[in-house]
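File shown: query_4.cif (mmCIF, C-alpha atoms).
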```cif
data_protein
loop_
_atom_site.label_atom_id
_atom_site.label_comp_id
_atom_site.auth_asym_id
_atom_site.auth_seq_id
_atom_site.Cartn_x
_atom_site.Cartn_y
_atom_site.Cartn_z
CA MET X 1 -73.42 -28.97 173.29
CA ALA X 2 -72.46 -32.53 174.22
CA GLN X 3 -70.29 -32.90 177.28
CA PRO X 4 -66.83 -34.45 176.76
CA ASP X 5 -66.67 -38.13 177.63
CA GLY X 6 -63.67 -40.46 177.48
CA ILE X 7 -60.25 -41.32 178.84
CA LEU X 8 -57.55 -38.66 178.69
CA LEU X 9 -53.85 -39.56 178.86
CA VAL X 10 -51.66 -36.74 180.17
CA ASP X 11 -47.87 -36.44 180.45
CA LYS X 12 -47.49 -34.64 183.79
CA PRO X 13 -44.49 -32.31 184.05
CA GLY X 14 -42.47 -31.99 187.23
CA GLY X 15 -43.18 -29.31 189.80
CA ILE X 16 -46.97 -29.53 189.80
CA THR X 17 -49.39 -31.87 191.55
CA SER X 18 -51.73 -34.36 189.97
CA HIS X 19 -54.58 -32.21 191.28
CA ASP X 20 -53.13 -29.28 189.32
CA VAL X 21 -53.37 -31.38 186.14
CA VAL X 22 -57.00 -32.25 186.90
CA ALA X 23 -57.75 -28.54 187.44
CA ARG X 24 -56.15 -27.68 184.09
CA ALA X 25 -58.19 -30.38 182.37
CA ARG X 26 -61.42 -29.08 183.92
CA ARG X 27 -60.71 -25.60 182.58
CA ALA X 28 -59.56 -26.82 179.17
CA LEU X 29 -62.55 -29.13 178.65
CA ASP X 30 -65.05 -26.91 180.49
CA THR X 31 -66.34 -29.68 182.74
CA ARG X 32 -66.13 -30.45 186.42
CA LYS X 33 -66.58 -34.19 186.02
CA ILE X 34 -62.98 -35.37 185.81
CA GLY X 35 -61.22 -37.95 187.98
CA HIS X 36 -57.85 -39.67 187.91
CA ALA X 37 -56.51 -43.20 188.26
CA GLY X 38 -53.57 -42.78 190.62
CA THR X 39 -51.52 -39.70 191.46
CA LEU X 40 -47.90 -38.78 190.89
CA ASP X 41 -45.82 -36.80 193.36
CA PRO X 42 -44.99 -33.21 192.36
CA MET X 43 -41.38 -34.23 191.68
CA ALA X 44 -42.44 -37.05 189.36
CA THR X 45 -43.29 -36.81 185.68
CA GLY X 46 -45.11 -39.05 183.26
CA LEU X 47 -48.42 -40.73 182.67
CA LEU X 48 -51.63 -39.70 184.41
CA ILE X 49 -54.89 -41.28 183.32
CA LEU X 50 -57.94 -39.04 183.65
CA GLY X 51 -61.56 -40.05 183.23
CA VAL X 52 -63.77 -37.37 181.72
CA GLY X 53 -67.56 -37.30 182.06
CA ALA X 54 -69.26 -40.69 182.38
CA ALA X 55 -65.92 -42.38 181.62
CA THR X 56 -64.88 -41.65 185.21
CA ARG X 57 -66.77 -44.88 185.93
CA LEU X 58 -64.03 -46.79 184.11
CA LEU X 59 -61.25 -45.56 186.38
CA THR X 60 -61.89 -48.23 189.01
CA PHE X 61 -60.85 -50.81 186.39
CA VAL X 62 -57.64 -48.90 185.57
CA VAL X 63 -56.32 -48.22 189.07
CA GLY X 64 -55.11 -51.79 189.67
CA LEU X 65 -53.12 -52.19 186.45
CA ASP X 66 -49.35 -52.74 186.57
CA LYS X 67 -46.99 -49.87 185.82
CA ASP X 68 -43.58 -49.04 184.32
CA TYR X 69 -41.22 -46.42 185.73
CA THR X 70 -37.78 -45.07 185.08
CA ALA X 71 -36.04 -43.57 188.10
CA THR X 72 -32.77 -42.39 189.58
CA ILE X 73 -31.78 -43.63 193.03
CA ARG X 74 -29.13 -41.64 194.87
CA LEU X 75 -27.06 -43.83 197.16
CA GLY X 76 -25.13 -42.22 200.01
CA ALA X 77 -27.90 -40.23 201.70
CA ALA X 78 -31.31 -40.90 203.23
CA THR X 79 -34.12 -38.35 203.47
CA ASP X 80 -37.24 -38.10 205.61
CA THR X 81 -39.46 -38.45 202.53
CA ASP X 82 -37.39 -41.05 200.66
CA ASP X 83 -37.03 -38.57 197.79
CA ALA X 84 -35.21 -35.36 196.93
CA ASP X 85 -38.02 -33.15 198.24
CA GLY X 86 -37.24 -34.15 201.82
CA GLN X 87 -34.57 -33.25 204.34
CA ILE X 88 -31.39 -35.35 204.49
CA THR X 89 -31.42 -37.42 207.66
CA ALA X 90 -28.18 -39.40 207.23
CA THR X 91 -25.16 -39.52 204.94
CA ALA X 92 -22.68 -42.31 204.34
CA ALA X 93 -18.97 -42.18 204.98
CA ALA X 94 -16.81 -42.05 201.87
CA SER X 95 -15.34 -45.46 202.68
CA ALA X 96 -18.78 -47.05 202.95
CA LEU X 97 -19.86 -45.54 199.64
CA ALA X 98 -16.65 -46.67 197.94
CA ALA X 99 -17.46 -50.23 199.00
CA VAL X 100 -20.75 -50.15 197.06
CA THR X 101 -19.70 -51.99 193.93
CA ARG X 102 -21.85 -52.68 190.88
CA GLU X 103 -22.00 -56.30 191.98
CA ARG X 104 -23.42 -55.30 195.37
CA ILE X 105 -25.94 -52.96 193.73
CA ASP X 106 -27.06 -55.75 191.39
CA ALA X 107 -27.44 -58.13 194.33
CA GLY X 108 -29.46 -55.57 196.27
CA VAL X 109 -31.74 -54.97 193.32
CA ALA X 110 -32.21 -58.72 192.85
CA GLY X 111 -33.30 -58.98 196.47
CA LEU X 112 -36.03 -56.42 195.81
CA THR X 113 -37.35 -58.18 192.72
CA GLY X 114 -40.36 -60.51 192.65
CA PRO X 115 -43.07 -60.74 195.32
CA ILE X 116 -41.94 -58.65 198.30
CA ALA X 117 -43.44 -57.15 201.45
CA GLN X 118 -42.89 -53.40 201.18
CA VAL X 119 -43.37 -50.78 203.89
CA PRO X 120 -44.71 -47.67 202.12
CA SER X 121 -43.03 -44.31 202.52
CA ARG X 122 -44.09 -42.45 205.65
CA VAL X 123 -45.25 -39.56 203.47
CA SER X 124 -47.53 -41.72 201.34
CA ALA X 125 -51.26 -41.06 200.88
CA ILE X 126 -52.22 -44.17 202.86
CA LYS X 127 -54.74 -43.42 205.58
CA VAL X 128 -53.92 -44.08 209.24
CA ASP X 129 -56.91 -43.71 211.58
CA GLY X 130 -58.66 -41.65 208.93
CA ARG X 131 -55.77 -39.30 208.19
CA ARG X 132 -53.24 -39.36 205.37
CA ALA X 133 -49.82 -40.60 206.40
CA TYR X 134 -48.15 -37.54 204.87
CA ASP X 135 -50.33 -35.21 206.98
CA LEU X 136 -49.32 -37.06 210.14
CA ALA X 137 -45.65 -37.02 209.16
CA ARG X 138 -45.72 -33.28 208.43
CA ALA X 139 -47.37 -32.70 211.80
CA GLY X 140 -44.35 -34.36 213.44
CA GLN X 141 -46.13 -37.55 214.43
CA ASP X 142 -44.51 -40.95 214.16
CA VAL X 143 -46.03 -42.90 211.30
CA ALA X 144 -45.79 -46.69 211.43
CA LEU X 145 -47.18 -48.21 208.25
CA LYS X 146 -47.72 -51.91 207.78
CA ALA X 147 -45.89 -53.82 205.07
CA ARG X 148 -47.92 -54.54 201.93
CA ASP X 149 -47.49 -57.36 199.47
CA VAL X 150 -46.42 -56.04 196.05
CA VAL X 151 -44.81 -57.59 193.00
CA ILE X 152 -41.73 -56.13 191.33
CA SER X 153 -41.82 -57.90 187.97
CA SER X 154 -38.53 -56.37 186.85
CA PHE X 155 -35.97 -54.05 188.46
CA ASP X 156 -33.14 -53.33 186.04
CA VAL X 157 -30.04 -51.22 186.57
CA LEU X 158 -29.48 -49.06 183.49
CA ALA X 159 -26.43 -47.09 184.62
CA VAL X 160 -24.34 -46.25 187.69
CA ARG X 161 -22.78 -42.79 187.93
CA ASP X 162 -20.48 -41.36 190.59
CA GLY X 163 -21.21 -37.91 191.99
CA ASP X 164 -20.01 -35.70 194.80
CA GLY X 165 -20.41 -37.89 197.86
CA CYS X 166 -23.03 -40.08 196.21
CA ARG X 167 -23.59 -42.77 193.63
CA ASP X 168 -26.55 -42.39 191.28
CA VAL X 169 -28.25 -45.50 189.93
CA ASP X 170 -30.59 -45.20 186.93
CA VAL X 171 -33.20 -47.97 186.98
CA ALA X 172 -36.27 -49.24 185.15
CA VAL X 173 -39.05 -50.81 187.23
CA THR X 174 -42.15 -52.78 186.32
CA CYS X 175 -44.39 -53.28 189.33
CA SER X 176 -47.86 -53.99 190.60
CA SER X 177 -50.27 -51.30 191.63
CA GLY X 178 -49.58 -50.03 195.13
CA THR X 179 -45.79 -50.17 194.82
CA TYR X 180 -43.79 -47.16 196.02
CA VAL X 181 -40.64 -46.65 193.96
CA ARG X 182 -39.45 -44.25 196.67
CA ALA X 183 -39.55 -47.16 199.09
CA LEU X 184 -37.45 -49.25 196.68
CA ALA X 185 -34.83 -46.48 196.75
CA ARG X 186 -34.94 -46.36 200.55
CA ASP X 187 -34.70 -50.14 200.92
CA LEU X 188 -31.86 -50.48 198.42
CA GLY X 189 -29.88 -47.84 200.31
CA GLU X 190 -30.56 -49.53 203.62
CA HIS X 191 -29.54 -52.92 202.22
CA LEU X 192 -26.24 -51.46 201.04
CA GLY X 193 -25.69 -49.66 204.34
CA VAL X 194 -25.35 -46.19 202.80
CA GLY X 195 -28.88 -44.84 202.66
CA GLY X 196 -30.77 -44.00 199.51
CA HIS X 197 -33.48 -41.80 198.11
CA LEU X 198 -35.15 -41.00 194.81
CA THR X 199 -34.01 -38.00 192.77
CA ALA X 200 -36.05 -38.61 189.59
CA LEU X 201 -39.15 -40.61 188.73
CA ARG X 202 -41.07 -40.97 185.48
CA ARG X 203 -44.11 -43.20 184.91
CA THR X 204 -43.97 -44.51 181.36
CA ARG X 205 -46.86 -46.98 181.27
CA ILE X 206 -50.06 -47.97 183.06
CA GLY X 207 -51.44 -51.28 181.79
CA PRO X 208 -51.90 -50.94 178.00
CA PHE X 209 -51.54 -47.13 178.07
CA PRO X 210 -48.04 -45.76 177.22
CA VAL X 211 -46.89 -42.24 178.01
CA ALA X 212 -45.98 -41.91 174.32
CA ASP X 213 -49.72 -41.58 173.62
CA ALA X 214 -50.23 -38.88 176.26
CA ALA X 215 -50.91 -35.20 175.66
CA SER X 216 -48.91 -32.35 177.11
CA ALA X 217 -50.41 -30.79 180.22
CA ASP X 218 -50.15 -27.44 178.43
CA ASP X 219 -52.33 -28.49 175.48
CA LEU X 220 -55.28 -30.31 177.01
CA ALA X 221 -57.93 -28.39 175.09
CA HIS X 222 -56.82 -30.14 171.90
CA ALA X 223 -56.00 -33.53 173.42
CA PRO X 224 -57.88 -36.52 172.00
CA LEU X 225 -60.16 -38.50 174.30
CA LEU X 226 -60.24 -42.28 174.05
CA PRO X 227 -63.90 -43.27 173.62
CA PRO X 228 -65.18 -45.33 176.58
CA ALA X 229 -65.70 -48.45 174.45
CA ARG X 230 -62.16 -48.29 173.07
CA ALA X 231 -60.61 -47.64 176.49
CA ALA X 232 -62.55 -50.45 178.16
CA ALA X 233 -61.60 -52.93 175.41
CA LEU X 234 -57.92 -52.16 176.04
CA VAL X 235 -58.08 -53.31 179.65
CA MET X 236 -60.48 -56.27 179.41
CA PRO X 237 -62.03 -58.63 176.85
CA GLU X 238 -64.72 -57.21 174.59
CA VAL X 239 -68.17 -58.81 174.19
CA HIS X 240 -70.81 -57.79 171.63
CA PRO X 241 -74.40 -58.26 172.84
CA ASP X 242 -77.18 -57.78 170.33
CA ALA X 243 -79.57 -54.85 170.71
CA ASP X 244 -82.02 -56.76 172.95
CA GLN X 245 -79.22 -58.09 175.17
CA ALA X 246 -77.69 -54.61 175.43
CA ARG X 247 -81.06 -53.18 176.48
CA ASP X 248 -81.51 -55.84 179.16
CA LEU X 249 -77.98 -55.29 180.49
CA ARG X 250 -78.64 -51.56 180.75
CA HIS X 251 -81.80 -52.33 182.73
CA GLY X 252 -79.87 -54.48 185.20
CA LYS X 253 -81.14 -57.83 184.00
CA ARG X 254 -79.19 -61.09 183.90
CA VAL X 255 -78.55 -62.08 180.29
CA PRO X 256 -77.88 -65.65 179.03
CA GLY X 257 -75.70 -66.57 176.08
CA LEU X 258 -72.68 -64.33 176.68
CA ALA X 259 -70.79 -66.05 179.50
CA ASP X 260 -68.70 -68.17 177.14
CA ALA X 261 -67.70 -65.16 175.04
CA PHE X 262 -64.89 -64.06 177.35
CA THR X 263 -62.30 -65.35 179.75
CA GLY X 264 -61.26 -63.64 182.94
CA PRO X 265 -63.42 -62.05 185.62
CA ARG X 266 -65.11 -59.36 183.52
CA ALA X 267 -65.62 -57.96 180.04
CA ALA X 268 -66.61 -54.76 178.25
CA ALA X 269 -70.06 -55.05 176.67
CA VAL X 270 -70.24 -53.02 173.44
CA ASP X 271 -73.57 -52.65 171.67
CA PRO X 272 -74.14 -52.97 167.87
CA GLU X 273 -73.65 -49.20 167.50
CA GLY X 274 -70.19 -49.38 169.06
CA ARG X 275 -71.23 -47.82 172.36
CA LEU X 276 -70.06 -49.12 175.72
CA VAL X 277 -73.00 -50.62 177.58
CA GLY X 278 -70.94 -51.27 180.67
CA VAL X 279 -68.74 -53.83 182.37
CA ILE X 280 -70.20 -57.30 182.83
CA GLU X 281 -69.36 -60.28 185.05
CA ARG X 282 -70.53 -63.87 185.04
CA ARG X 283 -73.48 -64.95 187.16
CA GLY X 284 -73.43 -68.71 186.67
CA ASP X 285 -74.34 -69.30 183.02
CA ASP X 286 -75.52 -65.70 182.65
CA VAL X 287 -73.87 -62.30 182.78
CA LYS X 288 -74.86 -59.12 184.55
CA SER X 289 -73.59 -55.55 184.45
CA VAL X 290 -71.50 -54.44 187.41
CA MET X 291 -71.03 -50.96 185.91
CA ASN X 292 -73.36 -49.33 183.39
CA MET X 293 -72.69 -46.26 181.28
CA PRO X 294 -75.47 -43.67 180.98
CA GLU X 295 -77.39 -44.58 177.83
CA GLU X 296 -77.06 -41.12 176.30
CA SER X 297 -73.24 -41.28 176.49
CA ALA X 298 -72.68 -45.02 176.20
#
```

In structure tokens, how does this file's structure come out?
Amino acid sequence: MAQPDGILLVDKPGGITSHDVVARARRALDTRKIGHAGTLDPMATGLLILGVGAATRLLTFVVGLDKDYTATIRLGAATDTDDADGQITATAAASALAAVTRERIDAGVAGLTGPIAQVPSRVSAIKVDGRRAYDLARAGQDVALKARDVVISSFDVLAVRDGDGCRDVDVAVTCSSGTYVRALARDLGEHLGVGGHLTALRRTRIGPFPVADAASADDLAHAPLLPPARAAALVMPEVHPDADQARDLRHGKRVPGLADAFTGPRAAAVDPEGRLVGVIERRGDDVKSVMNMPEESA
């Protein structure tokens, strides 16, 4: 029986980890070879991209794609995790919260839009001296993370709702890979002087993959897999070598005659039978594979 091979889009529910979703997929598809392209916190819902079988090799080309989120930021309280799973560390006075007008919220959001230097959440998965930041934070150690350059392409306020001692702001965010929406909530609250944290987060898109195309985490056995060639062609240009060129690419040879067939740094090479040979890059006037699929599952 052929092993499953392809890209699996999953709509993660809240309350479970991304690792839990991978474990479910392994059981449902009866294979151990499954990886993911970026996790979601247990509180968060939305799109996870899993690579199954040889298609795990494609995940490195998915991880860096931009992403869309919808979220709710609660102004009026800060937490030690920058989200609702943490402990409240500070609350704002009623007078300070009352002074947070829609105009001030819009100005704060505008200041966090575009290229920014963002300090990740202290409970992020970033490694510090070989250990995850969240492990250090949970062990009671001070975690000082360096600011990272990210791009917030859009940060739109959808609604502002008053609650008991808080003000909830529903937002939509389009951002580069490596952005922490929790940190946006924290920084908006700090800018407004009232504290802020995330109470809801949903990832709705990664690159060309929308959550609308994702399967439920409870029905993975029947979920369709995107064939490797189709998935690769969605994230990069597609090039069609002939049979001899495809054979040479699979054998690691430099191949002439294909460099002008695509723009950008790389392309998906698809053979005459519609199988993904691999991912190619230019080498002067030639091209060469930088990632090859196994021939039996290409």

Result set of the PyMOL selection byres ((chain X and resi 235-252) around 7) on the coordinates above, as number ranges by chain: X: 208, 231-234, 253-255, 261-262, 266-272, 277, 288-289, 292

Residues in the PyMOL selection byres ((chain X and resi 25) around 10), expressed as JSON, numbers by chain: {"X": [8, 10, 19, 20, 21, 22, 23, 24, 26, 27, 28, 29, 30, 31, 32, 33, 34, 35, 50, 52, 217, 218, 219, 220, 221, 223]}

Atomic separation - CA of Gln87 (chain X) relative to CA of Cys166 (chain X), Å: 15.7 Å

Å distance separating CA of Arg205 (chain X) from CA of Asp11 (chain X), one decimal place: 10.6 Å

Nearest to Thr89 (chain X) by atom-to-atom distance, counting all atoms listed in the file, from X:Cys175, X:Val290, X:Val194, X:Pro224: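 Answer, going by the shortest atom-to-atom distance: X:Val194.
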
From X:Val211, X:Ala110, X:Glu281, X:Leu276, residue lying nearest Gly264 (chain X) [all atoms listed in the file]: X:Glu281

Answer key for the PyMOL selection byres ((chain X and resi 40-46) around 6), residues as a list in words: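 Output from the PyMOL selection byres ((chain X and resi 40-46) around 6), applied to this file: Asp11, Lys12, Pro13, Gly14, Gly15, Ile16, Thr17, Ser18, Thr39, Leu47, Leu201, Arg202, Arg203 and Thr204 of chain X.
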
Counting only C-alpha atoms, the residue of X:Ser154, X:Arg282, X:Thr56, X:Gly274 that sits nearest Gly111 (chain X): X:Ser154

Top pick for closest residue to Gly38 (chain X), considering X:Thr179, X:Thr113, X:Ser216, X:Thr199 and counting all atoms listed in the file: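 Among the listed residues, the smallest separation from Gly38 (chain X) belongs to X:Thr179.
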
Give me the box for region 157-169 of chain X as AutoDock Vina command-line options, namely the centre and edge lengths in Å to one decimal of a box along x, y and z that holds every listed atom plus 4 Å on each side.
```
--center_x -25.0 --center_y -43.5 --center_z 190.7 --size_x 18.0 --size_y 23.5 --size_z 22.4
```

Interatomic distance (Å, one decimal) between CA of His36 (chain X) and CA of Ala71 (chain X):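 These atoms are spaced 22.2 Å apart.
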
Nearest-residue call for Gln118 (chain X), choices X:Asp68, X:Asp187, X:Asp170, X:Asp260, using all atoms listed in the file: X:Asp187

Among listed residues X:Val150, X:Leu198, X:Ala98, X:Ile49, nearest Gly86 (chain X) (using only C-alpha atoms):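 Among X:Val150, X:Leu198, X:Ala98, X:Ile49, it is X:Leu198 that comes nearest to Gly86 (chain X).
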
Region 60-62 of chain X environment, 7 Å, all atoms listed in the file, sequence neighbours closer than 3 positions dropped, as an MDAnalysis selection string: chainID X and resid 37 57 65

Long-range neighbours of region 159-162 of chain X as a ChimeraX atom specification, 12 Å cut-off, only C-alpha atoms, 4 positions minimum in chain: /X:70-76,94,97-98,100-106,166-172
